[in-house]
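Peer 1: The structure file query00.txt (compact mmCIF, C-alpha atoms) is provided below.
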```txt
# COMPACT_ATOMS: atom_id res chain seq x y z
CA MET A 1 -39.11 128.91 1.08
CA PHE A 2 -40.64 125.51 0.49
CA SER A 3 -42.68 125.65 3.70
CA SER A 4 -45.20 127.85 1.88
CA LEU A 5 -45.80 124.89 -0.46
CA GLY A 6 -46.50 122.59 2.45
CA ASN A 7 -49.29 124.82 3.70
CA LEU A 8 -51.22 124.65 0.43
CA GLN A 9 -54.31 122.58 -0.14
CA PRO A 10 -54.03 120.01 -2.96
CA ARG A 11 -56.13 122.14 -5.34
CA GLN A 12 -53.99 125.21 -4.72
CA LEU A 13 -50.82 123.18 -5.32
CA ALA A 14 -52.33 121.81 -8.53
CA ALA A 15 -53.13 125.40 -9.57
CA GLN A 16 -49.57 126.59 -8.91
CA VAL A 17 -48.11 123.68 -10.93
CA LEU A 18 -50.65 124.40 -13.68
CA ASN A 19 -49.34 127.98 -13.89
CA PHE A 20 -45.86 126.70 -14.67
CA ALA A 21 -47.14 124.07 -17.10
CA LEU A 22 -49.14 126.76 -18.92
CA VAL A 23 -46.06 128.98 -19.24
CA LEU A 24 -44.17 126.14 -20.93
CA SER A 25 -47.01 124.94 -23.11
CA THR A 26 -48.02 128.46 -24.25
CA ALA A 27 -44.41 129.18 -25.26
CA PHE A 28 -44.30 125.88 -27.14
CA MET A 29 -47.66 126.40 -28.86
CA LEU A 30 -46.67 129.92 -29.93
CA TRP A 31 -43.53 128.45 -31.48
CA LYS A 32 -45.50 125.72 -33.23
CA GLY A 33 -48.09 128.25 -34.38
CA LEU A 34 -45.37 130.39 -35.95
CA SER A 35 -43.90 127.25 -37.48
CA VAL A 36 -47.18 126.31 -39.17
CA PHE A 37 -47.79 129.92 -40.25
CA THR A 38 -44.40 130.24 -41.95
CA ASN A 39 -44.47 126.59 -43.14
CA SER A 40 -40.97 126.17 -41.74
CA SER A 41 -39.88 123.53 -39.24
CA SER A 42 -37.69 126.14 -37.54
CA PRO A 43 -38.97 129.67 -38.21
CA ILE A 44 -36.34 131.41 -36.06
CA VAL A 45 -32.65 130.39 -36.27
CA VAL A 46 -29.41 131.68 -34.83
CA VAL A 47 -26.34 132.35 -36.98
CA LEU A 48 -23.63 130.00 -35.72
CA SER A 49 -20.64 130.88 -37.89
CA GLY A 50 -19.06 133.92 -39.50
CA SER A 51 -19.45 132.65 -43.08
CA MET A 52 -21.97 135.37 -43.98
CA GLU A 53 -20.04 138.37 -42.69
CA PRO A 54 -20.43 141.30 -43.00
CA ALA A 55 -24.16 140.71 -43.58
CA PHE A 56 -24.73 138.47 -40.55
CA GLN A 57 -22.59 137.96 -37.47
CA ARG A 58 -22.45 134.98 -35.14
CA GLY A 59 -25.30 135.32 -32.66
CA ASP A 60 -27.77 137.12 -34.93
CA LEU A 61 -31.38 135.95 -34.83
CA LEU A 62 -32.96 135.30 -38.24
CA PHE A 63 -36.68 135.14 -39.15
CA LEU A 64 -37.57 132.70 -41.92
CA TRP A 65 -40.43 132.41 -44.40
CA ASN A 66 -40.93 129.18 -46.29
CA ARG A 67 -44.00 129.82 -48.44
CA GLY A 68 -42.19 131.35 -51.43
CA GLN A 69 -41.19 128.41 -53.60
CA GLU A 70 -39.64 130.49 -56.39
CA THR A 71 -36.36 131.31 -54.62
CA GLN A 72 -34.24 133.74 -56.66
CA VAL A 73 -30.46 134.07 -57.02
CA GLY A 74 -29.25 136.45 -54.31
CA GLU A 75 -31.77 135.35 -51.66
CA ILE A 76 -30.34 134.11 -48.39
CA VAL A 77 -31.65 130.68 -47.43
CA VAL A 78 -31.25 128.39 -44.43
CA TYR A 79 -30.83 124.70 -45.14
CA ASN A 80 -29.95 121.48 -43.35
CA VAL A 81 -27.26 119.27 -44.81
CA ARG A 82 -28.85 115.86 -45.45
CA GLY A 83 -28.19 113.67 -42.45
CA LYS A 84 -27.07 116.52 -40.17
CA ASP A 85 -29.18 118.77 -37.99
CA ILE A 86 -27.05 121.91 -38.31
CA PRO A 87 -28.77 124.82 -40.08
CA ILE A 88 -26.51 126.67 -42.52
CA VAL A 89 -27.25 130.24 -43.61
CA HIS A 90 -25.88 131.02 -47.10
CA ARG A 91 -26.77 132.95 -50.24
CA VAL A 92 -28.18 131.35 -53.43
CA ILE A 93 -25.75 131.84 -56.34
CA ARG A 94 -27.23 129.49 -58.98
CA ARG A 95 -30.61 127.96 -59.64
CA PHE A 96 -31.63 125.09 -61.93
CA GLY A 97 -35.15 124.01 -62.79
CA GLY A 98 -38.11 125.85 -61.32
CA GLY A 99 -41.64 126.17 -62.69
CA SER A 100 -42.85 122.59 -63.32
CA ALA A 101 -39.41 120.98 -62.75
CA PRO A 102 -38.19 120.69 -59.14
CA LEU A 103 -36.10 123.74 -58.19
CA GLN A 104 -32.44 123.08 -57.36
CA LEU A 105 -30.10 125.60 -55.77
CA LEU A 106 -26.37 126.13 -55.34
CA THR A 107 -25.35 128.24 -52.37
CA LYS A 108 -22.20 129.98 -51.08
CA GLY A 109 -21.35 131.90 -47.93
CA ASP A 110 -20.44 135.56 -48.61
CA ASN A 111 -17.33 135.23 -46.48
CA ASN A 112 -16.26 131.86 -47.93
CA ALA A 113 -13.85 131.41 -50.80
CA ALA A 114 -15.59 128.40 -52.36
CA ASP A 115 -19.23 127.48 -52.92
CA ASP A 116 -21.04 124.96 -50.73
CA THR A 117 -20.42 121.84 -52.87
CA GLU A 118 -17.95 120.65 -50.22
CA LEU A 119 -20.52 121.11 -47.44
CA TYR A 120 -23.30 119.09 -49.02
CA ALA A 121 -23.64 115.35 -48.26
CA ARG A 122 -21.56 112.89 -50.26
CA GLY A 123 -22.93 112.59 -53.78
CA GLN A 124 -25.09 115.71 -53.39
CA SER A 125 -24.11 118.67 -55.59
CA TYR A 126 -27.16 120.89 -55.21
CA LEU A 127 -29.99 121.61 -52.78
CA ASP A 128 -33.55 120.56 -53.40
CA ARG A 129 -35.73 123.61 -52.62
CA SER A 130 -38.69 121.63 -51.35
CA LYS A 131 -36.73 119.07 -49.28
CA ASP A 132 -33.54 120.63 -47.92
CA VAL A 133 -34.36 124.31 -47.48
CA ILE A 134 -35.99 125.40 -44.21
CA GLY A 135 -36.82 128.88 -45.43
CA SER A 136 -35.50 132.18 -46.76
CA VAL A 137 -34.46 134.99 -44.48
CA VAL A 138 -36.98 137.85 -44.30
CA GLY A 139 -35.68 139.74 -41.26
CA TYR A 140 -33.13 139.66 -38.47
CA VAL A 141 -32.28 140.98 -35.01
CA PRO A 142 -28.57 141.34 -34.27
CA PHE A 143 -26.84 139.70 -31.31
CA VAL A 144 -29.97 138.47 -29.46
CA GLY A 145 -29.33 134.85 -30.47
CA TYR A 146 -26.18 134.62 -28.37
CA VAL A 147 -28.29 133.24 -25.52
CA THR A 148 -29.14 130.21 -27.67
CA ILE A 149 -25.47 129.68 -28.51
CA LEU A 150 -24.61 129.76 -24.80
CA LEU A 151 -27.42 127.32 -24.01
CA SER A 152 -26.22 124.82 -26.60
CA GLU A 153 -22.55 125.12 -25.65
CA TYR A 154 -23.31 124.79 -21.92
CA PRO A 155 -26.28 122.38 -21.69
CA TRP A 156 -26.39 122.63 -17.90
CA LEU A 157 -27.52 126.24 -18.41
CA LYS A 158 -30.74 124.95 -19.92
CA THR A 159 -31.52 122.82 -16.87
CA ALA A 160 -30.55 125.61 -14.50
CA MET A 161 -32.78 128.10 -16.30
CA LEU A 162 -35.73 125.71 -16.31
CA VAL A 163 -35.36 124.90 -12.61
CA PHE A 164 -35.12 128.58 -11.74
CA MET A 165 -38.23 129.39 -13.77
CA ALA A 166 -40.15 126.49 -12.22
CA LEU A 167 -39.32 127.61 -8.68
CA THR A 168 -40.24 131.21 -9.39
CA VAL A 169 -43.62 130.37 -10.90
CA VAL A 170 -44.70 127.58 -8.55
CA LEU A 171 -43.77 129.41 -5.32
CA GLN A 172 -45.26 132.74 -6.31
CA ARG A 173 -48.70 133.53 -4.93
CA GLU A 174 -49.17 137.18 -5.89
CA MET B 1 -54.48 132.54 16.44
CA SER B 2 -52.23 131.79 13.49
CA ALA B 3 -49.01 130.02 14.37
CA SER B 4 -46.95 131.50 11.54
CA LYS B 5 -45.74 135.05 11.34
CA ILE B 6 -45.77 137.14 8.18
CA SER B 7 -44.36 140.49 7.27
CA CYS B 8 -47.12 142.98 8.00
CA TYR B 9 -45.77 145.29 5.30
CA SER B 10 -46.19 142.78 2.50
CA LEU B 11 -49.57 143.16 0.85
CA PRO B 12 -49.54 139.73 -0.86
CA ASP B 13 -48.75 138.05 2.49
CA LEU B 14 -51.59 139.90 4.25
CA HIS B 15 -53.99 139.14 1.44
CA ASN B 16 -53.07 135.44 1.12
CA THR B 17 -53.13 134.81 4.89
CA THR B 18 -56.60 136.33 5.17
CA ASN B 19 -57.84 134.42 2.13
CA ASP B 20 -56.52 131.16 3.56
CA ALA B 21 -58.37 131.77 6.85
CA LEU B 22 -61.74 132.42 5.20
CA PRO B 23 -62.68 128.88 4.05
CA ASN B 24 -61.55 127.41 7.40
CA TYR B 25 -63.84 129.73 9.33
CA LEU B 26 -66.82 129.25 7.03
CA THR B 27 -66.58 125.47 6.89
CA SER B 28 -66.48 125.43 10.68
CA LEU B 29 -69.87 127.19 10.56
CA LYS B 30 -71.20 124.27 8.50
CA PHE B 31 -71.08 125.96 5.10
CA THR B 32 -70.65 123.27 2.44
CA GLN B 33 -67.84 124.51 0.18
CA SER B 34 -68.31 124.03 -3.54
CA HIS B 35 -65.11 123.57 -5.51
CA SER B 36 -66.73 123.58 -8.95
CA SER B 37 -65.04 126.80 -10.13
CA SER B 38 -61.56 125.53 -9.20
CA ASN B 39 -62.28 122.13 -10.65
CA ILE B 40 -63.43 123.51 -14.00
CA ARG B 41 -60.39 125.82 -14.20
CA LEU B 42 -58.00 123.00 -13.38
CA ALA B 43 -59.71 120.61 -15.82
CA ILE B 44 -59.62 123.04 -18.75
CA GLY B 45 -56.07 124.13 -17.91
CA TYR B 46 -54.70 120.60 -17.72
CA ALA B 47 -56.61 119.61 -20.88
CA ALA B 48 -54.82 122.42 -22.73
CA VAL B 49 -51.48 121.26 -21.29
CA LEU B 50 -52.23 117.70 -22.42
CA ILE B 51 -52.99 118.89 -25.96
CA SER B 52 -49.69 120.74 -25.95
CA ALA B 53 -47.82 117.66 -24.67
CA ALA B 54 -49.41 115.43 -27.32
CA THR B 55 -48.48 117.94 -30.03
CA PHE B 56 -44.91 117.97 -28.73
CA TYR B 57 -44.71 114.19 -28.71
CA PHE B 58 -46.03 113.68 -32.23
CA ASP B 59 -43.95 116.48 -33.65
CA TRP B 60 -40.84 115.08 -31.95
CA THR B 61 -41.35 111.53 -33.19
CA LEU B 62 -42.89 112.07 -36.64
CA GLY B 63 -41.24 115.35 -37.73
CA PHE B 64 -42.69 118.68 -38.85
CA GLU B 65 -43.85 117.86 -42.38
CA LYS B 66 -46.06 114.89 -41.47
CA THR B 67 -47.75 116.55 -38.49
CA LYS B 68 -48.18 120.08 -39.91
CA TYR B 69 -51.97 120.07 -40.22
CA TRP B 70 -52.63 118.37 -36.89
CA THR B 71 -50.23 120.81 -35.23
CA GLY B 72 -52.09 123.73 -36.80
CA ALA B 73 -55.40 122.38 -35.51
CA ALA B 74 -53.93 121.71 -32.06
CA VAL B 75 -52.57 125.25 -31.79
CA ALA B 76 -55.98 126.69 -32.71
CA VAL B 77 -57.78 124.49 -30.15
CA TYR B 78 -55.19 125.30 -27.47
CA PHE B 79 -55.57 129.06 -27.80
CA ALA B 80 -59.35 128.80 -28.14
CA LEU B 81 -59.51 126.75 -24.90
CA ASN B 82 -57.15 129.07 -23.03
CA GLY B 83 -58.89 132.18 -24.30
CA ALA B 84 -62.37 130.89 -23.44
CA PHE B 85 -61.47 129.81 -19.97
CA THR B 86 -59.57 133.02 -19.17
CA TRP B 87 -62.52 135.10 -20.36
CA TRP B 88 -65.04 133.05 -18.36
CA TYR B 89 -62.84 133.30 -15.27
CA LEU B 90 -62.40 137.08 -15.59
CA LEU B 91 -66.15 137.49 -16.12
CA GLY B 92 -67.42 135.94 -12.92
CA ASP B 93 -64.82 134.29 -10.75
CA GLU B 94 -61.82 136.59 -10.57
CA GLY B 95 -60.65 136.73 -6.98
CA LEU B 96 -62.95 133.92 -5.82
CA VAL B 97 -61.94 132.68 -2.37
CA PHE B 98 -65.04 130.84 -1.23
CA GLU B 99 -68.22 129.49 -2.72
CA GLY B 100 -70.64 127.42 -0.73
CA THR B 101 -74.16 126.83 0.56
CA ARG B 102 -75.78 126.52 3.95
CA GLU B 103 -79.40 125.60 4.60
CA GLY B 104 -80.28 126.20 0.97
CA ARG B 105 -78.73 129.68 0.81
CA LYS B 106 -75.73 130.42 -1.42
CA LEU B 107 -72.64 132.46 -0.56
CA LYS B 108 -69.87 133.58 -2.89
CA LEU B 109 -66.90 135.62 -1.64
CA LEU B 110 -64.46 137.39 -3.96
CA THR B 111 -61.50 139.55 -2.98
CA HIS B 112 -59.12 141.88 -4.73
CA THR B 113 -56.33 144.28 -3.81
CA LYS B 114 -55.44 147.82 -4.77
CA PRO B 115 -51.70 148.40 -5.16
CA HIS B 116 -49.99 149.59 -1.95
CA THR B 117 -53.30 149.88 -0.10
CA PRO B 118 -53.42 147.91 3.19
CA THR B 119 -57.14 147.28 2.98
CA TYR B 120 -58.96 143.99 2.53
CA PHE B 121 -61.62 144.35 -0.18
CA LEU B 122 -64.34 141.75 -0.07
CA ARG B 123 -67.35 141.31 -2.32
CA ALA B 124 -70.07 139.09 -0.90
CA GLN B 125 -72.87 137.68 -3.06
CA TYR B 126 -75.46 135.71 -1.14
CA THR B 127 -79.13 134.79 -1.01
CA ALA B 128 -80.91 137.06 1.44
CA SER B 129 -82.80 135.53 4.34
CA PRO B 130 -86.23 134.23 3.37
CA SER B 131 -88.73 137.06 3.49
CA LYS B 132 -91.99 136.96 5.43
CA ASN B 133 -94.13 136.77 2.29
CA SER B 134 -93.75 133.89 -0.12
CA ALA B 135 -91.59 135.84 -2.64
CA PRO B 136 -88.39 133.99 -3.59
CA PRO B 137 -85.32 135.31 -1.68
CA THR B 138 -83.28 137.88 -3.58
CA TYR B 139 -79.58 137.63 -4.39
CA GLN B 140 -77.57 140.37 -2.66
CA ASP B 141 -74.26 141.85 -3.76
CA LEU B 142 -72.31 143.59 -1.00
CA LYS B 143 -68.98 145.39 -1.35
CA LEU B 144 -66.97 145.65 1.87
CA GLU B 145 -63.58 146.84 2.96
CA ILE B 146 -61.60 146.79 6.20
CA PRO B 147 -58.01 147.77 6.96
CA TYR B 148 -55.73 144.84 7.72
CA THR B 149 -54.73 146.57 10.98
CA ARG B 150 -58.08 145.51 12.51
CA PHE B 151 -57.11 141.84 12.59
CA PHE B 152 -53.31 141.64 12.24
CA THR B 153 -50.94 142.36 15.13
CA ALA B 154 -48.04 144.74 14.61
CA ASP B 155 -45.58 141.87 14.45
CA GLY B 156 -47.51 140.02 11.73
CA HIS B 157 -49.80 137.51 13.44
CA PHE B 158 -53.30 136.99 12.12
CA VAL B 159 -55.88 137.19 14.91
CA ALA B 160 -58.97 135.16 14.05
CA LYS B 161 -61.51 136.63 16.51
CA PRO B 162 -61.85 140.21 15.21
CA PHE B 163 -61.82 138.92 11.64
CA GLN B 164 -64.66 136.50 12.39
CA GLN B 165 -66.57 139.23 14.20
CA TRP B 166 -66.23 141.57 11.24
CA LEU B 167 -67.31 138.92 8.75
CA ALA B 168 -70.31 137.86 10.85
CA SER B 169 -71.41 141.45 11.48
CA ALA B 170 -70.94 142.69 7.93
CA VAL B 171 -72.33 139.77 5.92
CA PRO B 172 -75.84 138.85 7.14
CA ILE B 173 -75.74 135.23 5.94
CA VAL B 174 -72.58 134.61 7.98
CA GLY B 175 -74.14 136.41 10.91
CA ASP B 176 -77.12 134.07 10.71
CA ALA B 177 -74.76 131.12 10.94
CA ASP B 178 -72.66 132.60 13.76
CA PRO B 179 -74.82 134.94 15.89
CA ASN B 180 -72.26 135.01 18.72
CA ASN B 181 -69.86 136.93 16.56
CA VAL B 182 -72.33 139.62 15.48
CA VAL B 183 -71.16 142.65 17.46
CA GLU B 184 -71.44 146.41 17.24
CA GLU B 185 -67.74 147.08 17.54
CA ILE B 186 -65.19 144.38 16.71
CA GLY B 187 -62.70 143.61 19.47
CA ARG B 188 -58.98 144.23 19.36
CA GLY B 189 -57.91 140.75 20.40
CA SER B 190 -59.29 137.73 22.20
CA ASP B 191 -62.23 138.38 24.51
CA GLU B 192 -60.65 136.34 27.31
CA GLY B 193 -57.64 138.68 27.40
CA ALA B 194 -59.83 141.78 27.76
CA GLU B 195 -61.82 140.31 30.62
CA THR B 196 -58.74 139.26 32.52
CA VAL B 197 -57.29 142.75 32.32
CA LYS B 198 -60.50 144.31 33.57
CA ALA B 199 -60.91 141.86 36.45
CA SER B 200 -57.37 142.16 37.74
CA ALA B 201 -57.52 145.99 37.60
CA LEU B 202 -60.71 145.90 39.67
CA GLU B 203 -59.17 143.51 42.16
CA ALA B 204 -56.13 145.76 42.64
CA VAL B 205 -58.35 148.78 43.36
CA MET B 206 -60.51 146.83 45.83
CA SER B 207 -57.58 145.35 47.74
CA GLY B 208 -56.03 148.81 47.92
CA MET B 209 -59.24 150.21 49.44
CA MET B 210 -59.51 147.34 51.92
CA GLU B 211 -55.93 147.86 53.00
CA GLN B 212 -56.56 151.51 53.76
CA ALA B 213 -59.69 150.63 55.73
CA GLY B 214 -57.95 147.79 57.56
CA GLY B 215 -54.93 149.98 58.39
CA MET B 216 -57.09 152.52 60.31
CA THR B 217 -58.80 150.01 62.63
CA ASP B 218 -56.20 147.30 63.05
CA ARG B 219 -52.59 148.50 63.09
CA ALA B 220 -51.32 145.18 64.45
CA SER B 221 -52.47 143.05 61.55
CA GLY B 222 -51.64 145.73 58.95
CA GLY B 223 -48.23 144.26 58.45
CA LYS B 224 -49.64 140.80 57.89
CA ARG B 225 -52.11 142.16 55.40
CA ARG B 226 -49.43 144.02 53.51
CA LYS B 227 -47.40 140.86 53.22
CA LYS B 228 -50.45 139.08 51.85
CA ALA B 229 -51.12 141.84 49.34
```
Would you encode the structure as structure tokens?
Peer 2:
Amino acid sequence: MFSSLGNLQPRQLAAQVLNFALVLSTAFMLWKGLSVFTNSSSPIVVVLSGSMEPAFQRGDLLFLWNRGQETQVGEIVVYNVRGKDIPIVHRVIRRFGGGSAPLQLLTKGDNNAADDTELYARGQSYLDRSKDVIGSVVGYVPFVGYVTILLSEYPWLKTAMLVFMALTVVLQRE
Amino acid sequence: MSASKISCYSLPDLHNTTNDALPNYLTSLKFTQSHSSSNIRLAIGYAAVLISAATFYFDWTLGFEKTKYWTGAAVAVYFALNGAFTWWYLLGDEGLVFEGTREGRKLKLLTHTKPHTPTYFLRAQYTASPSKNSAPPTYQDLKLEIPYTRFFTADGHFVAKPFQQWLASAVPIVGDADPNNVVEEIGRGSDEGAETVKASALEAVMSGMMEQAGGMTDRASGGKRRKKA
């Protein structure tokens, strides 16, 4: 299998490696492009818990939009708890401020008994729309996000997938 | 003769083996190969990859909010670069296997495949031989095809001789560089093999005839002769 690589001239080898590098960088640039377009640092997220059932199940893929600053009660937003990198998907149940004052939100999971005050960082009792919220949900695809959950729970899967992709692209000469 | 064996049913293998043999043959005829097309493609491609890597690095270290506008610009430049270079490549250089010059005349060879068709398609663009009058030589564009069976053995070996003969006979500028290979009908293997077969067949016939003649006049030495034969 690797003998075909040995027979290549340096330029051809550089071209094969470039193919793989372009696959990775195009995927990354598409992601970044979507990120800038939606103004969200993470425009596509996966639902990790069952706190929004029956609306969203674990493994659903959510599409976010972050250019609407006047978030209303009843919208579903994704936010990061200050200091943690875990996105939480919950519904807005109260809002304070808005207009010229900074907008503050209180959220609660549909399937949770209590609101999110317990989840916020110590001393924080509301979310700041401009700082904490990554975006509001504008669409979703069920179940597809399970791959991401698998990849984060079994990190060796990520390496294995990358190595497999690299071999396939670099050795292919069709 | 190629040392490695390929599957003669696999079109990509046939196509790639033939393409790999082309530059070797032409450079042996003193064509100076020009790598400018490859070099430009590699340069633009790796520049785009570098832009992407830099974007990744700054986004990773500085966060999304700070780098938003630079990221937006980088994405636009990346897709503009990629788009431009893909379009330029598709326009003139798709399927390029060889580009070079010899004695001031240019040659450009491009190939392509049709799905499930075991035929080698070659497009040759070259400067015609200088004409008798002082008009500048024209640029010719020739489209050729030949089944792979003419220069691959049944068990998957590439045979260089008939391929070289075909190329020299079909493309005049190659024929000018390699007149020995310009033939009416391309051979089915090495020339040496054909001659040996012919010679040994002739020898067998002649010795058979001599034996018959010798047997009628000299019965005593017939046995000796038979042992020799």
Peer 1: Given the point (-49.6, 121.7, -38.2) in the file's coordinates, find the residues that have an atom at most 6 Å from it, counting all atoms listed in the file, and give them as number ranges by chain.
Peer 2: A: 36; B: 67-72
Peer 1: At a cut-off of 10 Å, can you tabulate as JSON lines every residue of chain B near chain A together with its closest atom pair and the distance in Å to one decimal, using only C-alpha atoms and ordering rows by chain then number?
Peer 2:
```
{"residue": "B:Leu11", "atom": "CA", "partner": "A:Glu174", "partner_atom": "CA", "distance": 9.0}
{"residue": "B:Pro12", "atom": "CA", "partner": "A:Glu174", "partner_atom": "CA", "distance": 5.7}
{"residue": "B:Asp13", "atom": "CA", "partner": "A:Glu174", "partner_atom": "CA", "distance": 8.4}
{"residue": "B:His15", "atom": "CA", "partner": "A:Glu174", "partner_atom": "CA", "distance": 9.0}
{"residue": "B:Asn16", "atom": "CA", "partner": "A:Arg173", "partner_atom": "CA", "distance": 7.7}
{"residue": "B:Asp20", "atom": "CA", "partner": "A:Leu8", "partner_atom": "CA", "distance": 9.0}
{"residue": "B:His35", "atom": "CA", "partner": "A:Arg11", "partner_atom": "CA", "distance": 9.1}
{"residue": "B:Ser38", "atom": "CA", "partner": "A:Arg11", "partner_atom": "CA", "distance": 7.5}
{"residue": "B:Asn39", "atom": "CA", "partner": "A:Arg11", "partner_atom": "CA", "distance": 8.1}
{"residue": "B:Arg41", "atom": "CA", "partner": "A:Ala15", "partner_atom": "CA", "distance": 8.6}
{"residue": "B:Leu42", "atom": "CA", "partner": "A:Ala15", "partner_atom": "CA", "distance": 6.6}
{"residue": "B:Gly45", "atom": "CA", "partner": "A:Leu18", "partner_atom": "CA", "distance": 6.9}
{"residue": "B:Tyr46", "atom": "CA", "partner": "A:Leu18", "partner_atom": "CA", "distance": 6.9}
{"residue": "B:Ala48", "atom": "CA", "partner": "A:Leu22", "partner_atom": "CA", "distance": 8.1}
{"residue": "B:Val49", "atom": "CA", "partner": "A:Ser25", "partner_atom": "CA", "distance": 6.1}
{"residue": "B:Leu50", "atom": "CA", "partner": "A:Ser25", "partner_atom": "CA", "distance": 9.0}
{"residue": "B:Ile51", "atom": "CA", "partner": "A:Ser25", "partner_atom": "CA", "distance": 9.0}
{"residue": "B:Ser52", "atom": "CA", "partner": "A:Ser25", "partner_atom": "CA", "distance": 5.7}
{"residue": "B:Ala53", "atom": "CA", "partner": "A:Ser25", "partner_atom": "CA", "distance": 7.5}
{"residue": "B:Thr55", "atom": "CA", "partner": "A:Met29", "partner_atom": "CA", "distance": 8.6}
{"residue": "B:Phe56", "atom": "CA", "partner": "A:Phe28", "partner_atom": "CA", "distance": 8.1}
{"residue": "B:Asp59", "atom": "CA", "partner": "A:Lys32", "partner_atom": "CA", "distance": 9.4}
{"residue": "B:Gly63", "atom": "CA", "partner": "A:Ser41", "partner_atom": "CA", "distance": 8.4}
{"residue": "B:Phe64", "atom": "CA", "partner": "A:Ser41", "partner_atom": "CA", "distance": 5.6}
{"residue": "B:Glu65", "atom": "CA", "partner": "A:Ser41", "partner_atom": "CA", "distance": 7.6}
{"residue": "B:Thr67", "atom": "CA", "partner": "A:Val36", "partner_atom": "CA", "distance": 9.8}
{"residue": "B:Lys68", "atom": "CA", "partner": "A:Val36", "partner_atom": "CA", "distance": 6.4}
{"residue": "B:Tyr69", "atom": "CA", "partner": "A:Val36", "partner_atom": "CA", "distance": 7.9}
{"residue": "B:Trp70", "atom": "CA", "partner": "A:Val36", "partner_atom": "CA", "distance": 9.9}
{"residue": "B:Thr71", "atom": "CA", "partner": "A:Lys32", "partner_atom": "CA", "distance": 7.1}
{"residue": "B:Gly72", "atom": "CA", "partner": "A:Val36", "partner_atom": "CA", "distance": 6.0}
{"residue": "B:Ala73", "atom": "CA", "partner": "A:Gly33", "partner_atom": "CA", "distance": 9.4}
{"residue": "B:Ala74", "atom": "CA", "partner": "A:Met29", "partner_atom": "CA", "distance": 8.5}
{"residue": "B:Val75", "atom": "CA", "partner": "A:Met29", "partner_atom": "CA", "distance": 5.8}
{"residue": "B:Ala76", "atom": "CA", "partner": "A:Gly33", "partner_atom": "CA", "distance": 8.2}
{"residue": "B:Tyr78", "atom": "CA", "partner": "A:Met29", "partner_atom": "CA", "distance": 7.7}
{"residue": "B:Phe79", "atom": "CA", "partner": "A:Thr26", "partner_atom": "CA", "distance": 8.4}
{"residue": "B:Asn82", "atom": "CA", "partner": "A:Thr26", "partner_atom": "CA", "distance": 9.2}
```
Peer 1: In Å to one decimal, how far is CA of Pro179 (chain B) from CA of Arg105 (chain B)?
Peer 2: 16.4 Å
Peer 1: Could you check the closest approach to Cys8 (chain B) for each of B:Tyr57, B:Tyr148, B:Tyr120, B:Trp88 and tell me which residue wins, using only C-alpha atoms?
Peer 2: B:Tyr148
Peer 1: Between CA of Asp93 (chain B) and CA of Ser169 (chain B), what distance in Å does the model show, to one decimal?
Peer 2: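 These two atoms are separated by 24.3 Å.
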Peer 1: Tell me which protein, DNA and RNA residues are within 9 Å of Leu142 (chain B), counting only C-alpha atoms, leaving out same-chain ones fewer than 5 positions away, and put them as a PyMOL selection string.
Peer 2: chain B and resi 122-126+171
Peer 1: Between CA of Pro172 (chain B) and CA of Phe31 (chain B), what is the distance in Å, rounded to a tenth?
Peer 2: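 One can read the CA of Pro172 (chain B) to CA of Phe31 (chain B) distance as 13.9 Å.
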Peer 1: With a distance cut-off of 9 Å and only C-alpha atoms, select the neighbouring residues of Ala128 (chain B), excluding the residue or stretch itself and same-chain residues fewer than 6 positions from it, and output the selection as a ChimeraX atom specification.
Peer 2: /B:105-106,137-140,172-173
Peer 1: As a list in words, please: the residues near region 137-150 of chain A (cut-off 7 Å, only C-alpha atoms, same-chain neighbours under 6 positions excluded).
Peer 2: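 Contacts, with the query itself left out: Val46, Gly59, Asp60, Leu61, Leu62, Phe63, Leu64, Trp65, Ile76 and Val77 of chain A.
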Peer 1: Find the spatial neighbours of region 91-98 of chain A, counting all atoms listed in the file, within a cut-off of 10 Å - ignore same-chain residues fewer than 3 positions away - and output them as a VMD selection string.
Peer 2: chain A and resid 52 69 to 78 88 101 to 110 115 to 116 126 to 129 136 to 137
Peer 1: Measuring atom to atom with only C-alpha atoms, identify which of B:Lys161, B:Thr153, B:Lys108, B:Pro115 is nearest to Asp141 (chain B).
Peer 2: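 Closest candidate: B:Lys108.
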Peer 1: Which residues are close to Pro87 (chain A), i.e. within 9 Å by all atoms listed in the file, leaving aside same-chain residues fewer than 2 positions away? Reply as a PyMOL selection string.
Peer 2: chain A and resi 45-48+78-81+84-85+89+134
